[in-house]
>>> print(open('start12.cif').read())   # mmCIF, N, CA and C atoms
data_my_file
loop_
_atom_site.label_atom_id
_atom_site.label_comp_id
_atom_site.auth_asym_id
_atom_site.auth_seq_id
_atom_site.Cartn_x
_atom_site.Cartn_y
_atom_site.Cartn_z
N MET A 1 22.98 0.48 4.94
CA MET A 1 22.50 -0.76 4.39
C MET A 1 22.13 -0.53 2.93
N PRO A 2 22.67 -1.32 2.02
CA PRO A 2 22.32 -1.13 0.61
C PRO A 2 20.89 -1.60 0.33
N VAL A 3 20.28 -0.94 -0.62
CA VAL A 3 18.92 -1.30 -1.04
C VAL A 3 19.03 -2.50 -1.98
N PRO A 4 18.18 -3.54 -1.78
CA PRO A 4 18.28 -4.72 -2.65
C PRO A 4 17.87 -4.41 -4.09
N PRO A 5 18.57 -5.02 -5.05
CA PRO A 5 18.20 -4.82 -6.45
C PRO A 5 16.80 -5.37 -6.68
N PRO A 6 16.04 -4.89 -7.59
CA PRO A 6 16.42 -3.96 -8.64
C PRO A 6 16.18 -2.51 -8.28
N TRP A 7 15.87 -2.22 -7.03
CA TRP A 7 15.50 -0.85 -6.64
C TRP A 7 16.73 -0.06 -6.21
N SER A 8 16.61 1.25 -6.32
CA SER A 8 17.67 2.12 -5.81
C SER A 8 17.21 2.88 -4.57
N THR A 9 15.90 2.94 -4.36
CA THR A 9 15.32 3.64 -3.21
C THR A 9 14.15 2.82 -2.67
N LEU A 10 14.09 2.69 -1.34
CA LEU A 10 12.94 2.05 -0.70
C LEU A 10 12.20 3.10 0.13
N VAL A 11 10.90 3.16 -0.04
CA VAL A 11 10.05 4.03 0.76
C VAL A 11 9.16 3.11 1.58
N VAL A 12 9.20 3.24 2.90
CA VAL A 12 8.37 2.42 3.77
C VAL A 12 7.07 3.18 4.05
N SER A 13 5.97 2.55 3.70
CA SER A 13 4.65 3.15 3.86
C SER A 13 3.85 2.29 4.83
N PRO A 14 3.40 2.84 5.96
CA PRO A 14 2.65 2.02 6.91
C PRO A 14 1.37 1.43 6.31
N HIS A 15 0.64 2.24 5.55
CA HIS A 15 -0.66 1.81 5.02
C HIS A 15 -0.75 2.16 3.54
N PHE A 16 -1.73 1.57 2.86
CA PHE A 16 -2.00 1.95 1.48
C PHE A 16 -2.17 3.46 1.40
N ASP A 17 -1.67 4.06 0.39
CA ASP A 17 -1.77 5.47 0.00
C ASP A 17 -0.92 6.43 0.82
N ASP A 18 -0.30 5.98 1.91
CA ASP A 18 0.53 6.91 2.71
C ASP A 18 1.67 7.48 1.88
N ALA A 19 2.37 6.65 1.13
CA ALA A 19 3.49 7.13 0.32
C ALA A 19 3.00 8.04 -0.79
N ALA A 20 1.93 7.63 -1.47
CA ALA A 20 1.42 8.43 -2.58
C ALA A 20 0.94 9.80 -2.11
N LEU A 21 0.24 9.84 -0.99
CA LEU A 21 -0.28 11.12 -0.49
C LEU A 21 0.82 12.00 0.10
N SER A 22 1.83 11.39 0.70
CA SER A 22 2.88 12.16 1.36
C SER A 22 4.05 12.51 0.45
N LEU A 23 4.33 11.66 -0.54
CA LEU A 23 5.56 11.82 -1.32
C LEU A 23 5.34 11.88 -2.82
N ALA A 24 4.14 12.19 -3.27
CA ALA A 24 3.86 12.19 -4.71
C ALA A 24 4.77 13.14 -5.48
N GLY A 25 5.15 14.24 -4.88
CA GLY A 25 6.05 15.17 -5.56
C GLY A 25 7.49 14.71 -5.57
N LEU A 26 7.86 13.92 -4.58
CA LEU A 26 9.25 13.47 -4.45
C LEU A 26 9.55 12.18 -5.21
N LEU A 27 8.62 11.21 -5.17
CA LEU A 27 8.89 9.89 -5.75
C LEU A 27 9.41 9.93 -7.19
N PRO A 28 8.80 10.72 -8.08
CA PRO A 28 9.30 10.72 -9.46
C PRO A 28 10.70 11.31 -9.61
N THR A 29 11.18 12.03 -8.62
CA THR A 29 12.51 12.65 -8.72
C THR A 29 13.61 11.77 -8.14
N LEU A 30 13.25 10.70 -7.45
CA LEU A 30 14.24 9.83 -6.82
C LEU A 30 14.97 9.00 -7.88
N PRO A 31 16.23 8.64 -7.58
CA PRO A 31 16.92 7.75 -8.52
C PRO A 31 16.11 6.47 -8.65
N GLY A 32 15.89 6.05 -9.86
CA GLY A 32 14.99 4.92 -10.05
C GLY A 32 15.69 3.60 -10.24
N PRO A 33 14.91 2.58 -10.14
CA PRO A 33 13.49 2.60 -9.78
C PRO A 33 13.29 2.51 -8.28
N PRO A 34 12.36 3.31 -7.72
CA PRO A 34 12.06 3.19 -6.29
C PRO A 34 11.01 2.10 -6.04
N ALA A 35 10.96 1.64 -4.82
CA ALA A 35 9.93 0.69 -4.39
C ALA A 35 9.20 1.28 -3.20
N VAL A 36 7.88 1.16 -3.19
CA VAL A 36 7.07 1.55 -2.05
C VAL A 36 6.68 0.27 -1.33
N VAL A 37 7.19 0.09 -0.12
CA VAL A 37 6.94 -1.11 0.68
C VAL A 37 5.85 -0.79 1.69
N THR A 38 4.67 -1.39 1.51
CA THR A 38 3.54 -1.14 2.41
C THR A 38 3.52 -2.22 3.48
N VAL A 39 3.69 -1.79 4.73
CA VAL A 39 3.78 -2.72 5.86
C VAL A 39 2.45 -3.45 6.08
N HIS A 40 1.35 -2.72 6.12
CA HIS A 40 0.04 -3.33 6.36
C HIS A 40 -0.65 -3.57 5.02
N GLY A 41 0.00 -4.35 4.16
CA GLY A 41 -0.52 -4.61 2.82
C GLY A 41 -1.20 -5.95 2.66
N GLY A 42 -1.26 -6.73 3.72
CA GLY A 42 -1.83 -8.07 3.62
C GLY A 42 -3.34 -8.06 3.70
N PRO A 43 -3.95 -9.12 3.19
CA PRO A 43 -5.41 -9.21 3.23
C PRO A 43 -5.92 -9.51 4.63
N PRO A 44 -7.17 -9.16 4.90
CA PRO A 44 -7.76 -9.53 6.19
C PRO A 44 -7.98 -11.04 6.25
N PRO A 45 -8.13 -11.58 7.44
CA PRO A 45 -8.41 -13.02 7.54
C PRO A 45 -9.73 -13.36 6.83
N PRO A 46 -9.83 -14.54 6.27
CA PRO A 46 -11.08 -14.93 5.59
C PRO A 46 -12.29 -14.77 6.53
N GLY A 47 -13.33 -14.15 6.01
CA GLY A 47 -14.56 -13.99 6.77
C GLY A 47 -14.54 -12.88 7.80
N ALA A 48 -13.46 -12.08 7.84
CA ALA A 48 -13.39 -10.97 8.81
C ALA A 48 -14.52 -9.98 8.52
N PRO A 49 -15.21 -9.52 9.57
CA PRO A 49 -16.26 -8.52 9.34
C PRO A 49 -15.64 -7.19 8.92
N VAL A 50 -16.39 -6.43 8.16
CA VAL A 50 -15.89 -5.13 7.70
C VAL A 50 -15.72 -4.21 8.92
N SER A 51 -14.64 -3.45 8.94
CA SER A 51 -14.40 -2.52 10.05
C SER A 51 -15.35 -1.34 9.96
N TRP A 52 -15.48 -0.62 11.06
CA TRP A 52 -16.34 0.56 11.08
C TRP A 52 -15.89 1.53 10.00
N TRP A 53 -14.60 1.82 9.92
CA TRP A 53 -14.09 2.80 8.95
C TRP A 53 -14.35 2.34 7.52
N ASP A 54 -14.06 1.08 7.23
CA ASP A 54 -14.29 0.59 5.88
C ASP A 54 -15.77 0.63 5.52
N SER A 55 -16.62 0.38 6.50
CA SER A 55 -18.06 0.47 6.28
C SER A 55 -18.48 1.91 5.97
N VAL A 56 -17.94 2.87 6.71
CA VAL A 56 -18.23 4.28 6.47
C VAL A 56 -17.76 4.70 5.07
N CYS A 57 -16.68 4.07 4.60
CA CYS A 57 -16.13 4.37 3.27
C CYS A 57 -16.92 3.69 2.15
N GLY A 58 -17.94 2.91 2.52
CA GLY A 58 -18.82 2.31 1.53
C GLY A 58 -18.53 0.86 1.17
N PHE A 59 -17.56 0.26 1.85
CA PHE A 59 -17.26 -1.15 1.57
C PHE A 59 -18.22 -2.04 2.35
N THR A 60 -18.56 -3.17 1.76
CA THR A 60 -19.47 -4.10 2.44
C THR A 60 -18.73 -5.29 3.03
N THR A 61 -17.50 -5.53 2.59
CA THR A 61 -16.69 -6.61 3.17
C THR A 61 -15.26 -6.13 3.36
N ALA A 62 -14.57 -6.78 4.28
CA ALA A 62 -13.16 -6.47 4.51
C ALA A 62 -12.33 -6.81 3.27
N ALA A 63 -12.67 -7.92 2.63
CA ALA A 63 -11.93 -8.34 1.43
C ALA A 63 -12.08 -7.32 0.30
N GLU A 64 -13.27 -6.75 0.15
CA GLU A 64 -13.50 -5.73 -0.87
C GLU A 64 -12.65 -4.50 -0.59
N ALA A 65 -12.61 -4.06 0.66
CA ALA A 65 -11.81 -2.89 1.03
C ALA A 65 -10.34 -3.12 0.69
N HIS A 66 -9.83 -4.29 1.04
CA HIS A 66 -8.42 -4.61 0.75
C HIS A 66 -8.17 -4.64 -0.75
N ARG A 67 -9.03 -5.29 -1.49
CA ARG A 67 -8.86 -5.42 -2.94
C ARG A 67 -8.84 -4.05 -3.62
N VAL A 68 -9.79 -3.20 -3.27
CA VAL A 68 -9.89 -1.87 -3.89
C VAL A 68 -8.71 -1.00 -3.49
N ARG A 69 -8.37 -0.98 -2.21
CA ARG A 69 -7.26 -0.14 -1.75
C ARG A 69 -5.92 -0.61 -2.33
N SER A 70 -5.74 -1.90 -2.43
CA SER A 70 -4.51 -2.44 -3.03
C SER A 70 -4.40 -2.02 -4.49
N ALA A 71 -5.50 -2.11 -5.22
CA ALA A 71 -5.51 -1.72 -6.63
C ALA A 71 -5.25 -0.22 -6.79
N GLU A 72 -5.87 0.60 -5.94
CA GLU A 72 -5.63 2.05 -5.99
C GLU A 72 -4.17 2.37 -5.72
N ASP A 73 -3.60 1.70 -4.74
CA ASP A 73 -2.20 1.92 -4.39
C ASP A 73 -1.28 1.48 -5.53
N ALA A 74 -1.59 0.35 -6.16
CA ALA A 74 -0.79 -0.13 -7.29
C ALA A 74 -0.82 0.89 -8.43
N ARG A 75 -1.98 1.45 -8.70
CA ARG A 75 -2.11 2.45 -9.77
C ARG A 75 -1.33 3.72 -9.42
N ALA A 76 -1.41 4.15 -8.17
CA ALA A 76 -0.65 5.34 -7.74
C ALA A 76 0.85 5.09 -7.90
N CYS A 77 1.30 3.92 -7.49
CA CYS A 77 2.73 3.58 -7.63
C CYS A 77 3.13 3.60 -9.10
N GLU A 78 2.28 3.03 -9.95
CA GLU A 78 2.57 3.01 -11.38
C GLU A 78 2.71 4.43 -11.93
N LEU A 79 1.77 5.30 -11.57
CA LEU A 79 1.81 6.68 -12.05
C LEU A 79 3.04 7.42 -11.55
N LEU A 80 3.53 7.04 -10.37
CA LEU A 80 4.69 7.71 -9.77
C LEU A 80 6.01 7.03 -10.13
N GLY A 81 5.95 5.98 -10.94
CA GLY A 81 7.16 5.30 -11.37
C GLY A 81 7.79 4.42 -10.31
N ALA A 82 6.99 3.96 -9.36
CA ALA A 82 7.50 3.12 -8.27
C ALA A 82 6.89 1.73 -8.36
N GLU A 83 7.58 0.76 -7.79
CA GLU A 83 7.04 -0.60 -7.73
C GLU A 83 6.35 -0.80 -6.39
N GLN A 84 5.17 -1.38 -6.41
CA GLN A 84 4.43 -1.68 -5.18
C GLN A 84 4.94 -3.01 -4.61
N VAL A 85 5.34 -2.98 -3.33
CA VAL A 85 5.75 -4.19 -2.62
C VAL A 85 4.89 -4.27 -1.36
N LEU A 86 4.15 -5.37 -1.21
CA LEU A 86 3.24 -5.51 -0.07
C LEU A 86 3.79 -6.53 0.92
N ILE A 87 3.85 -6.13 2.19
CA ILE A 87 4.17 -7.07 3.26
C ILE A 87 2.84 -7.68 3.69
N ASP A 88 2.84 -8.97 3.88
CA ASP A 88 1.60 -9.71 4.13
C ASP A 88 1.13 -9.60 5.58
N HIS A 89 0.93 -8.36 6.04
CA HIS A 89 0.45 -8.11 7.40
C HIS A 89 -0.82 -7.27 7.28
N PRO A 90 -1.96 -7.74 7.78
CA PRO A 90 -3.20 -6.98 7.63
C PRO A 90 -3.20 -5.69 8.44
N ASP A 91 -4.06 -4.78 8.03
CA ASP A 91 -4.23 -3.51 8.72
C ASP A 91 -4.82 -3.75 10.11
N GLY A 92 -4.61 -2.79 11.00
CA GLY A 92 -4.98 -2.89 12.41
C GLY A 92 -6.33 -3.48 12.73
N PRO A 93 -7.42 -3.02 12.10
CA PRO A 93 -8.73 -3.57 12.46
C PRO A 93 -8.88 -5.06 12.16
N TYR A 94 -7.99 -5.58 11.33
CA TYR A 94 -8.13 -6.97 10.89
C TYR A 94 -7.07 -7.90 11.46
N VAL A 95 -6.33 -7.43 12.45
CA VAL A 95 -5.29 -8.27 13.06
C VAL A 95 -5.91 -9.14 14.13
#
>>> encode(input="start12.cif", output="C-alpha coordinates")
Amino acid sequence: MPVPPPWSTLVVSPHFDDAALSLAGLLPTLPGPPAVVTVHGGPPPPGAPVSWWDSVCGFTTAAEAHRVRSAEDARACELLGAEQVLIDHPDGPYV
(Lines of atoms letter the chains of each structure in order from A and count residues from 1; the text may use other names and numbers.)
(Lines give C-alpha, C1' and ligand atoms only; values in the text may rest on other atoms or scores of the structure.)
Protein backbone atom coordinates (compact mmCIF):
# COMPACT_ATOMS: atom_id res chain seq x y z
CA MET A 1 0.00 0.00 0.00
CA PRO A 2 1.52 3.35 -0.95
CA VAL A 3 1.94 5.99 1.72
CA PRO A 4 -0.28 9.04 1.07
CA PRO A 5 1.50 12.26 0.08
CA PRO A 6 3.19 14.32 1.34
CA TRP A 7 4.83 11.63 3.48
CA SER A 8 7.16 8.87 2.40
CA THR A 9 7.01 6.89 5.66
CA LEU A 10 4.21 6.36 8.19
CA VAL A 11 4.99 5.31 11.75
CA VAL A 12 1.98 4.13 13.76
CA SER A 13 2.28 5.06 17.42
CA PRO A 14 -0.35 3.74 19.85
CA HIS A 15 0.15 6.57 22.37
CA PHE A 16 1.91 9.90 22.68
CA ASP A 17 5.70 9.50 22.91
CA ASP A 18 5.79 5.82 21.84
CA ALA A 19 7.39 6.63 18.48
CA ALA A 20 9.79 9.20 19.92
CA LEU A 21 10.95 6.90 22.72
CA SER A 22 11.19 3.79 20.53
CA LEU A 23 12.42 5.20 17.22
CA ALA A 24 14.29 8.44 17.96
CA GLY A 25 17.45 7.06 16.40
CA LEU A 26 15.68 5.75 13.32
CA LEU A 27 13.19 8.52 12.44
CA PRO A 28 15.77 11.08 11.25
CA THR A 29 17.32 8.48 8.92
CA LEU A 30 14.08 7.54 7.15
CA PRO A 31 13.31 8.90 3.70
CA GLY A 32 11.47 12.10 4.40
CA PRO A 33 9.21 13.42 5.32
CA PRO A 34 7.89 10.79 7.75
CA ALA A 35 4.62 11.07 9.66
CA VAL A 36 4.00 9.78 13.17
CA VAL A 37 0.34 8.74 13.40
CA THR A 38 -0.81 8.53 17.03
CA VAL A 39 -3.86 6.29 17.39
CA HIS A 40 -4.91 7.47 20.86
CA GLY A 41 -4.32 11.15 20.11
CA GLY A 42 -7.82 12.47 20.73
CA PRO A 43 -8.88 14.57 23.68
CA PRO A 44 -10.80 13.09 26.61
CA PRO A 45 -14.54 13.74 26.75
CA PRO A 46 -15.44 17.14 28.25
CA GLY A 47 -15.48 16.98 32.04
CA ALA A 48 -13.78 13.56 32.23
CA PRO A 49 -12.13 13.07 35.63
CA VAL A 50 -8.36 12.80 35.64
CA SER A 51 -7.14 9.19 35.51
CA TRP A 52 -5.13 7.67 38.34
CA TRP A 53 -1.97 7.65 36.20
CA ASP A 54 -2.38 11.23 35.01
CA SER A 55 -2.97 12.29 38.61
CA VAL A 56 0.23 10.52 39.73
CA CYS A 57 2.05 12.37 36.92
CA GLY A 58 0.91 15.67 38.45
CA PHE A 59 -1.99 16.60 36.19
CA THR A 60 -5.14 17.96 37.78
CA THR A 61 -7.47 17.48 34.80
CA ALA A 62 -7.73 15.06 31.90
CA ALA A 63 -7.74 17.98 29.47
CA GLU A 64 -4.46 19.29 30.92
CA ALA A 65 -2.81 15.88 30.55
CA HIS A 66 -3.90 15.66 26.91
CA ARG A 67 -2.82 19.22 26.11
CA VAL A 68 0.64 18.81 27.66
CA ARG A 69 1.29 15.35 26.20
CA SER A 70 0.14 16.44 22.74
CA ALA A 71 2.47 19.45 22.85
CA GLU A 72 5.41 17.31 24.05
CA ASP A 73 4.77 14.83 21.25
CA ALA A 74 4.53 17.63 18.66
CA ARG A 75 7.88 19.01 19.83
CA ALA A 76 9.50 15.55 19.70
CA CYS A 77 8.18 15.03 16.17
CA GLU A 78 9.52 18.44 15.15
CA LEU A 79 12.98 17.65 16.56
CA LEU A 80 12.96 14.29 14.74
CA GLY A 81 11.85 15.79 11.42
CA ALA A 82 8.46 14.07 11.44
CA GLU A 83 4.94 15.42 11.13
CA GLN A 84 2.54 14.71 14.00
CA VAL A 85 -0.80 13.24 12.87
CA LEU A 86 -3.39 12.60 15.59
CA ILE A 87 -6.31 10.20 15.27
CA ASP A 88 -9.22 11.56 17.27
CA HIS A 89 -9.54 8.56 19.62
CA PRO A 90 -8.96 9.17 23.35
CA ASP A 91 -6.56 7.11 25.43
CA GLY A 92 -7.90 4.06 27.30
CA PRO A 93 -8.81 5.64 30.64
CA TYR A 94 -10.94 8.22 28.84
CA VAL A 95 -12.92 5.99 26.48
>>> atom_distance(input="start12.cif", atom1="atom CA of A:Val11", atom2="atom CA of A:Leu79")
15.5 Å
>>> closest_residue(input="start12.cif", among="A:Ser8, A:Ser70, A:Gln84, A:Ser13", to="A:Val39", atoms="all atoms listed in the file")
A:Ser13
>>> resolve_selection(input="start12.cif", expression="the PyMOL selection byres (((chain A and resi 42 and name CA) around 10) and name CA)", output="NGL selection string")
:A and (38-41 or 43-45 or 66-67 or 70 or 86-91 or 94)
>>> closest_residue(input="start12.cif", among="A:Val12, A:Trp7, A:Pro28, A:Ala20", to="A:Arg75", atoms="only C-alpha atoms")
A:Ala20
>>> residues_near_point(input="start12.cif", point="(16.2, 8.6, -10.4)", cutoff="12 Å", atoms="only C-alpha atoms", output="JSON, numbers by chain")
{"A": [7, 8, 9, 26, 27, 28, 29, 30, 31, 32, 33, 34, 35, 80, 81, 82]}
>>> write_last_selection(input="start12.cif", atoms="N, CA and C atoms", output="short mmCIF file (atom, residue, chain, number, x, y, z; two decimals), keeping the file's coordinate frame")
data_model
loop_
_atom_site.label_atom_id
_atom_site.label_comp_id
_atom_site.auth_asym_id
_atom_site.auth_seq_id
_atom_site.Cartn_x
_atom_site.Cartn_y
_atom_site.Cartn_z
N TRP A 7 15.87 -2.22 -7.03
CA TRP A 7 15.50 -0.85 -6.64
C TRP A 7 16.73 -0.06 -6.21
N SER A 8 16.61 1.25 -6.32
CA SER A 8 17.67 2.12 -5.81
C SER A 8 17.21 2.88 -4.57
N THR A 9 15.90 2.94 -4.36
CA THR A 9 15.32 3.64 -3.21
C THR A 9 14.15 2.82 -2.67
N LEU A 26 7.86 13.92 -4.58
CA LEU A 26 9.25 13.47 -4.45
C LEU A 26 9.55 12.18 -5.21
N LEU A 27 8.62 11.21 -5.17
CA LEU A 27 8.89 9.89 -5.75
C LEU A 27 9.41 9.93 -7.19
N PRO A 28 8.80 10.72 -8.08
CA PRO A 28 9.30 10.72 -9.46
C PRO A 28 10.70 11.31 -9.61
N THR A 29 11.18 12.03 -8.62
CA THR A 29 12.51 12.65 -8.72
C THR A 29 13.61 11.77 -8.14
N LEU A 30 13.25 10.70 -7.45
CA LEU A 30 14.24 9.83 -6.82
C LEU A 30 14.97 9.00 -7.88
N PRO A 31 16.23 8.64 -7.58
CA PRO A 31 16.92 7.75 -8.52
C PRO A 31 16.11 6.47 -8.65
N GLY A 32 15.89 6.05 -9.86
CA GLY A 32 14.99 4.92 -10.05
C GLY A 32 15.69 3.60 -10.24
N PRO A 33 14.91 2.58 -10.14
CA PRO A 33 13.49 2.60 -9.78
C PRO A 33 13.29 2.51 -8.28
N PRO A 34 12.36 3.31 -7.72
CA PRO A 34 12.06 3.19 -6.29
C PRO A 34 11.01 2.10 -6.04
N ALA A 35 10.96 1.64 -4.82
CA ALA A 35 9.93 0.69 -4.39
C ALA A 35 9.20 1.28 -3.20
N LEU A 80 3.53 7.04 -10.37
CA LEU A 80 4.69 7.71 -9.77
C LEU A 80 6.01 7.03 -10.13
N GLY A 81 5.95 5.98 -10.94
CA GLY A 81 7.16 5.30 -11.37
C GLY A 81 7.79 4.42 -10.31
N ALA A 82 6.99 3.96 -9.36
CA ALA A 82 7.50 3.12 -8.27
C ALA A 82 6.89 1.73 -8.36
#
>>> select_by_dssp(input="start12.cif", residues="stretch 26-88 of chain A", states="strand (DSSP E or B)", output="PDB file with N, CA and C atoms, in the coordinates of the input")
ATOM      1  N   PRO A  34      12.360   3.310  -7.720  1.00  0.00           N
ATOM      2  CA  PRO A  34      12.060   3.190  -6.290  1.00  0.00           C
ATOM      3  C   PRO A  34      11.010   2.100  -6.040  1.00  0.00           C
ATOM      4  N   ALA A  35      10.960   1.640  -4.820  1.00  0.00           N
ATOM      5  CA  ALA A  35       9.930   0.690  -4.390  1.00  0.00           C
ATOM      6  C   ALA A  35       9.200   1.280  -3.200  1.00  0.00           C
ATOM      7  N   VAL A  36       7.880   1.160  -3.190  1.00  0.00           N
ATOM      8  CA  VAL A  36       7.070   1.550  -2.050  1.00  0.00           C
ATOM      9  C   VAL A  36       6.680   0.270  -1.330  1.00  0.00           C
ATOM     10  N   VAL A  37       7.190   0.090  -0.120  1.00  0.00           N
ATOM     11  CA  VAL A  37       6.940  -1.110   0.680  1.00  0.00           C
ATOM     12  C   VAL A  37       5.850  -0.790   1.690  1.00  0.00           C
ATOM     13  N   THR A  38       4.670  -1.390   1.510  1.00  0.00           N
ATOM     14  CA  THR A  38       3.540  -1.140   2.410  1.00  0.00           C
ATOM     15  C   THR A  38       3.520  -2.220   3.480  1.00  0.00           C
ATOM     16  N   HIS A  40       1.350  -2.720   6.120  1.00  0.00           N
ATOM     17  CA  HIS A  40       0.040  -3.330   6.360  1.00  0.00           C
ATOM     18  C   HIS A  40      -0.650  -3.570   5.020  1.00  0.00           C
ATOM     19  N   GLU A  83       7.580   0.760  -7.790  1.00  0.00           N
ATOM     20  CA  GLU A  83       7.040  -0.600  -7.730  1.00  0.00           C
ATOM     21  C   GLU A  83       6.350  -0.800  -6.390  1.00  0.00           C
ATOM     22  N   GLN A  84       5.170  -1.380  -6.410  1.00  0.00           N
ATOM     23  CA  GLN A  84       4.430  -1.680  -5.180  1.00  0.00           C
ATOM     24  C   GLN A  84       4.940  -3.010  -4.610  1.00  0.00           C
ATOM     25  N   VAL A  85       5.340  -2.980  -3.330  1.00  0.00           N
ATOM     26  CA  VAL A  85       5.750  -4.190  -2.620  1.00  0.00           C
ATOM     27  C   VAL A  85       4.890  -4.270  -1.360  1.00  0.00           C
ATOM     28  N   LEU A  86       4.150  -5.370  -1.210  1.00  0.00           N
ATOM     29  CA  LEU A  86       3.240  -5.510  -0.070  1.00  0.00           C
ATOM     30  C   LEU A  86       3.790  -6.530   0.920  1.00  0.00           C
ATOM     31  N   ASP A  88       2.840  -8.970   3.880  1.00  0.00           N
ATOM     32  CA  ASP A  88       1.600  -9.710   4.130  1.00  0.00           C
ATOM     33  C   ASP A  88       1.130  -9.600   5.580  1.00  0.00           C
TER      34      ASP A  88
END
>>> atom_distance(input="start12.cif", atom1="atom C of A:Ala48", atom2="atom N of A:Ala65")
10.0 Å
>>> atom_distance(input="start12.cif", atom1="atom CA of A:Val85", atom2="atom CA of A:Ala71")
12.2 Å
>>> select_by_dssp(input="start12.cif", residues="stretch 13-83 of chain A", states="alpha helix (DSSP H)", output="list in words")
Asp18, Ala19, Ala20, Leu21, Ser22, Leu23, Trp52, Trp53, Asp54, Ser55, Val56, Ala62, Ala63, Glu64, Ala65, His66, Arg67, Val68, Arg69, Ser70, Ala71, Glu72, Asp73, Ala74, Arg75, Ala76, Cys77, Glu78 and Leu79 of chain A
>>> residues_near_point(input="start12.cif", point="(-13.7, -10.1, 5.3)", cutoff="6 Å", atoms="only C-alpha atoms", output="PyMOL selection string")
chain A and resi 46-50+61-63
>>> closest_residue(input="start12.cif", among="A:Ser22, A:Val95, A:Cys77, A:Val36", to="A:Ser51", atoms="only C-alpha atoms")
A:Val95
>>> axis_aligned_box(input="start12.cif", around="stretch 31-47 of chain A", padding_each_side="8 Å", output="AutoDock Vina command-line options")
--center_x 1.2 --center_y -3.1 --center_z -1.2 --size_x 47.5 --size_y 39.6 --size_z 34.0
